[in-house]
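Have a look at the structure below before the remarks.
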Amino acid sequence: MNKSTLLFVLLCVLLLGLPAQADVIDTLYYQGYPAGLNDGHYYVGLAQGNLANDNQGPFSMWCIDSLHEVPASHNWQVYVMTLPEAVANGYMGFTLAEYQTMAVLGNEFTNHNPNDSQTQHGIWSLGDGRSLTTAEQGILAAAQGEIGNFDYSGMRALIPTQPGIGQAMLTGATAPVPEPSSLLLLLSGAGLIGAARVTKKFTRNRNS
C-alpha cells in the first residue's frame with residue numbers, strides 16, 4: 001500500500017469516528033398556517049425550524065416521533081445525523097428502511113393538505129405501531145415500495161441528545177436515483193469525453 005492510499009484510509013477512519021454534530025432546534029413552527037394542521041389530537045405535516053448553529057435556515061422538517069410531544073416554538077438540543085448514523089444511534093429502534101420510508105413520505109407533504117394527516121400517521125405508525133385506515137395503509141405501502149428509487153444522502157435525522165426531551169425530526173430532501181438506461185448513457189458520455197482527451201493528448205505528443 002503506497003503512502004497516498006494509506007493516508008486516504010486513515011482519513012476515512014478518522015472522519016467516520018467523529019461524533020455527530022450537536023445543534024439546537026430553534027423556533028419550530030408549522031408551515032403555512034400558524035396553529036398547524038391538527039388531526040384532532042396532534043399537529044401534523046410540515047414544520048419549519050431553525051438550527052442554532054446553521055444560518056442557512058429556516059429548514060422544512062417533519063416529526064417522526066409520536067411518543068414525545070413538544071409545544072411549537074420550544075427549543076431542544078439534537079444530534080444532526082445522516083440516516084445510517086441515526087440507525088447506529090438506536091433511537092426508537094428505527095431501521096434504515098424505516099428512516100428511508102419516513103423520508104419518502106415526508107417529501108410528499110404539502111401545505112395544509114388534508115392528506116397530510118394520513119401521511120403523518122403512516123410515518124408515526126413505524127414508531128408506535130398504531131392502527132391505520134385502509135387509505136393510510138396504502139400510502140405507507142406505496143412509500144415502502146419506492147425506497148429503492150431515491151438517494152438519501154441529503155437527508156438528516158435530528159435526534160434528541162437527551163431521551164424524552166424533544167422530538168426526533170427529519171429534514172432535507174430525497175433525490176431520484178437515475179434509471180439504469182440514463183446512468184449508462186451518462187457513463188458512456190463520460191467515457192467518450194475521456195477517450196477523446198486521451199486521443200487528443202496522444203496525437204499532440206506524436207506531433208511534438
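Residues are referred to by chain and number: the chain letter is A, B, ... according to the order shown in the C-alpha cells, the number counts from 1 in that chain, and ligands are numbered separately from 1 in the order shown.
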
Determine, for each residue of segment 118-179 of chain A having at least one atom at most 12 Å from an atom of segment 38-48 of chain A, the closest pair of atoms and their separation in Å to one decimal, counting only C-alpha atoms; order by chain and ascending number, as a Markdown table.
| residue | atom | partner | partner_atom | distance |
| --- | --- | --- | --- | --- |
| A:Gln118 | CA | A:Asp39 | CA | 9.0 |
| A:Thr119 | CA | A:Gly45 | CA | 7.8 |
| A:Gln120 | CA | A:Val44 | CA | 6.0 |
| A:His121 | CA | A:Val44 | CA | 8.4 |
| A:Gly122 | CA | A:Val44 | CA | 11.2 |
| A:Ile123 | CA | A:Gly45 | CA | 10.3 |
| A:Trp124 | CA | A:Val44 | CA | 10.1 |
| A:Met169 | CA | A:Ala47 | CA | 9.6 |
| A:Leu170 | CA | A:Leu46 | CA | 10.2 |
| A:Thr171 | CA | A:Gln48 | CA | 9.4 |
| A:Gly172 | CA | A:Gln48 | CA | 11.5 |

Give me a file of those residues, with N, CA and C atoms, as a PDB file, in the first residue's frame.
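Writing the result to out-v7.pdb gives the following:
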ATOM      1  N   GLN A 118     -52.969  11.711   6.850  1.00  0.00           N
ATOM      2  CA  GLN A 118     -52.766  10.296   6.527  1.00  0.00           C
ATOM      3  C   GLN A 118     -51.279   9.978   6.370  1.00  0.00           C
ATOM      4  N   THR A 119     -50.559  10.891   5.727  1.00  0.00           N
ATOM      5  CA  THR A 119     -49.120  10.696   5.556  1.00  0.00           C
ATOM      6  C   THR A 119     -48.418  10.686   6.898  1.00  0.00           C
ATOM      7  N   GLN A 120     -48.780  11.635   7.775  1.00  0.00           N
ATOM      8  CA  GLN A 120     -48.159  11.710   9.094  1.00  0.00           C
ATOM      9  C   GLN A 120     -48.446  10.454   9.917  1.00  0.00           C
ATOM     10  N   HIS A 121     -49.662   9.952   9.835  1.00  0.00           N
ATOM     11  CA  HIS A 121     -49.997   8.740  10.577  1.00  0.00           C
ATOM     12  C   HIS A 121     -49.191   7.546  10.079  1.00  0.00           C
ATOM     13  N   GLY A 122     -48.933   7.497   8.765  1.00  0.00           N
ATOM     14  CA  GLY A 122     -48.086   6.438   8.226  1.00  0.00           C
ATOM     15  C   GLY A 122     -46.678   6.501   8.799  1.00  0.00           C
ATOM     16  N   ILE A 123     -46.136   7.704   8.909  1.00  0.00           N
ATOM     17  CA  ILE A 123     -44.805   7.889   9.498  1.00  0.00           C
ATOM     18  C   ILE A 123     -44.804   7.443  10.955  1.00  0.00           C
ATOM     19  N   TRP A 124     -45.767   7.934  11.717  1.00  0.00           N
ATOM     20  CA  TRP A 124     -45.794   7.620  13.146  1.00  0.00           C
ATOM     21  C   TRP A 124     -46.016   6.146  13.425  1.00  0.00           C
ATOM     22  N   MET A 169     -36.883  14.505  14.411  1.00  0.00           N
ATOM     23  CA  MET A 169     -37.396  15.079  13.173  1.00  0.00           C
ATOM     24  C   MET A 169     -36.528  14.610  12.008  1.00  0.00           C
ATOM     25  N   LEU A 170     -37.061  14.737  10.803  1.00  0.00           N
ATOM     26  CA  LEU A 170     -36.277  14.559   9.580  1.00  0.00           C
ATOM     27  C   LEU A 170     -36.273  15.873   8.817  1.00  0.00           C
ATOM     28  N   THR A 171     -35.157  16.170   8.162  1.00  0.00           N
ATOM     29  CA  THR A 171     -35.066  17.353   7.317  1.00  0.00           C
ATOM     30  C   THR A 171     -34.216  17.021   6.105  1.00  0.00           C
ATOM     31  N   GLY A 172     -34.361  17.800   5.055  1.00  0.00           N
ATOM     32  CA  GLY A 172     -33.616  17.551   3.825  1.00  0.00           C
ATOM     33  C   GLY A 172     -34.551  17.046   2.745  1.00  0.00           C
TER      34      GLY A 172
END

List as a list in words the protein and nucleic acid residues near Val104 of chain A, meaning an atom at most 7 Å away when only C-alpha atoms are counted, but skip any in the same chain fewer than 4 places from it.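 After dropping sequence-adjacent residues, the list is Gln100, Glu108, Ala143 and Ile147 of chain A.
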
Write out the residues from the selection above, keeping N, CA and C atoms, as a CSV table (one decimal), in the first residue's frame.
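So result.csv came out as:
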chain,number,residue,atom,x,y,z
A,100,GLN,N,-35.8,5.5,5.7
A,100,GLN,CA,-36.0,5.8,4.3
A,100,GLN,C,-37.5,6.0,3.9
A,108,GLU,N,-43.6,14.1,0.6
A,108,GLU,CA,-44.9,14.2,-0.1
A,108,GLU,C,-45.8,15.2,0.6
A,143,ALA,N,-45.0,4.0,-0.2
A,143,ALA,CA,-43.7,4.6,0.1
A,143,ALA,C,-42.7,3.5,0.3
A,147,ILE,N,-38.7,3.0,-1.8
A,147,ILE,CA,-37.5,3.4,-1.1
A,147,ILE,C,-36.2,3.2,-1.9

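Restricting the calculation to only C-alpha atoms, the smallest distance between Ser153 of chain A and any of A:Ala135, A:Leu105, A:Ala175, A:Val87 is found for A:Ala175.
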
According to DSSP computed on the backbone, where in segment 42-190 of chain A is there strand (DSSP E)? Give the residues as a PyMOL selection string. chain A and resi 43-44+47-51+54-63+76-81+150-151+156-160+169-171+175-176

Which residues are close to Ala97 of chain A, i.e. within 10 Å by only C-alpha atoms, leaving aside same-chain residues fewer than 3 positions away? Reply as a ChimeraX atom specification. /A:83,87,94,100-103,144,147-148

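Shortest separation to Ile139 of chain A among A:Glu69, A:Thr95, A:Ile159, A:Phe109 occurs at residue A:Phe109, atoms counted being only C-alpha atoms.
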
Where in segment 28-129 of chain A does DSSP assign helix (DSSP H, G or I), given as number ranges by chain? A: 83-89, 91-93, 96-106, 115-128

Go ahead and save the picked residues with C-alpha atoms, as a PDB file, in the first residue's frame.
ATOM      1  CA  LEU A  83     -29.662   8.182   8.209  1.00  0.00           C
ATOM      2  CA  PRO A  84     -27.013   5.439   8.761  1.00  0.00           C
ATOM      3  CA  GLU A  85     -25.704   7.398  11.756  1.00  0.00           C
ATOM      4  CA  ALA A  86     -29.230   7.639  13.158  1.00  0.00           C
ATOM      5  CA  VAL A  87     -29.640   3.856  12.825  1.00  0.00           C
ATOM      6  CA  ALA A  88     -26.371   3.351  14.734  1.00  0.00           C
ATOM      7  CA  ASN A  89     -27.642   5.764  17.411  1.00  0.00           C
ATOM      8  CA  TYR A  91     -33.199   5.995  18.698  1.00  0.00           C
ATOM      9  CA  MET A  92     -36.587   4.231  18.997  1.00  0.00           C
ATOM     10  CA  GLY A  93     -35.041   1.237  17.211  1.00  0.00           C
ATOM     11  CA  LEU A  96     -32.574   2.176   7.795  1.00  0.00           C
ATOM     12  CA  ALA A  97     -35.559   1.056   5.701  1.00  0.00           C
ATOM     13  CA  GLU A  98     -37.913   2.748   8.167  1.00  0.00           C
ATOM     14  CA  TYR A  99     -35.946   6.011   8.050  1.00  0.00           C
ATOM     15  CA  GLN A 100     -35.985   5.838   4.255  1.00  0.00           C
ATOM     16  CA  THR A 101     -39.742   5.223   4.256  1.00  0.00           C
ATOM     17  CA  MET A 102     -40.265   8.232   6.534  1.00  0.00           C
ATOM     18  CA  ALA A 103     -38.090  10.315   4.216  1.00  0.00           C
ATOM     19  CA  VAL A 104     -40.156   9.335   1.160  1.00  0.00           C
ATOM     20  CA  LEU A 105     -43.407  10.082   2.998  1.00  0.00           C
ATOM     21  CA  GLY A 106     -42.163  13.402   4.368  1.00  0.00           C
ATOM     22  CA  ASN A 115     -53.899  14.128   3.110  1.00  0.00           C
ATOM     23  CA  ASP A 116     -51.027  15.302   5.307  1.00  0.00           C
ATOM     24  CA  SER A 117     -52.782  13.682   8.262  1.00  0.00           C
ATOM     25  CA  GLN A 118     -52.766  10.296   6.527  1.00  0.00           C
ATOM     26  CA  THR A 119     -49.120  10.696   5.556  1.00  0.00           C
ATOM     27  CA  GLN A 120     -48.159  11.710   9.094  1.00  0.00           C
ATOM     28  CA  HIS A 121     -49.997   8.740  10.577  1.00  0.00           C
ATOM     29  CA  GLY A 122     -48.086   6.438   8.226  1.00  0.00           C
ATOM     30  CA  ILE A 123     -44.805   7.889   9.498  1.00  0.00           C
ATOM     31  CA  TRP A 124     -45.794   7.620  13.146  1.00  0.00           C
ATOM     32  CA  SER A 125     -47.009   4.038  12.762  1.00  0.00           C
ATOM     33  CA  LEU A 126     -43.413   2.929  12.189  1.00  0.00           C
ATOM     34  CA  GLY A 127     -42.585   4.033  15.721  1.00  0.00           C
ATOM     35  CA  ASP A 128     -45.737   3.496  17.743  1.00  0.00           C
TER      36      ASP A 128
END

Quick one: contact table of segment 39-113 of chain A to segment 129-133 of chain A, 12 Å max, nearest atom pair and distance in Å to one decimal per residue, counting only C-alpha atoms, chain and number order, as JSON lines?
{"residue": "A:Asp65", "atom": "CA", "partner": "A:Gly129", "partner_atom": "CA", "distance": 11.5}
{"residue": "A:Ser66", "atom": "CA", "partner": "A:Arg130", "partner_atom": "CA", "distance": 10.1}
{"residue": "A:Leu67", "atom": "CA", "partner": "A:Gly129", "partner_atom": "CA", "distance": 10.8}
{"residue": "A:Met92", "atom": "CA", "partner": "A:Gly129", "partner_atom": "CA", "distance": 11.8}

Would you mind exporting N, CA and C atoms of the selected residues as a short mmCIF file (atom, residue, chain, number, x, y, z; two decimals), in the first residue's frame?
data_model
loop_
_atom_site.label_atom_id
_atom_site.label_comp_id
_atom_site.auth_asym_id
_atom_site.auth_seq_id
_atom_site.Cartn_x
_atom_site.Cartn_y
_atom_site.Cartn_z
N ASP A 65 -41.59 11.11 15.46
CA ASP A 65 -41.63 10.58 16.82
C ASP A 65 -42.92 11.03 17.50
N SER A 66 -43.91 10.13 17.57
CA SER A 66 -45.18 10.48 18.19
C SER A 66 -45.19 10.20 19.69
N LEU A 67 -44.14 9.59 20.20
CA LEU A 67 -44.11 9.19 21.61
C LEU A 67 -43.70 10.33 22.53
N MET A 92 -35.30 4.90 19.22
CA MET A 92 -36.59 4.23 19.00
C MET A 92 -36.47 2.95 18.16
#

Which neighbours of Ala168 of chain A fall inside 7 Å, counting only C-alpha atoms, when residues of the same chain fewer than 2 positions from it are skipped, and could you give them as a list in words?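 Non-adjacent residues within range: Cys63, Ile64, Asp65, Leu158, Ile159, Pro160 and Gly166 of chain A.
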
Work out how far atom CA of Asn55 of chain A is from atom CA of Trp76 of chain A, in Å to one decimal. 17.0 Å

Considering only C-alpha atoms, return as a list in words whatever protein or nucleic-acid residues lie within 8 Å of Val70 of chain A, sequence-local ones (same chain, fewer than 2 positions apart) excluded.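 In the requested form, the answer reads His68, Ala72, His74, Gly166 and Gln167 of chain A.
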
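Atom CA of Val80 of chain A lies 27.6 Å from atom CA of Ala142 of chain A.
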
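As for atom CA of Thr174 of chain A and atom CA of Val24 of chain A, they are spaced 22.9 Å apart.
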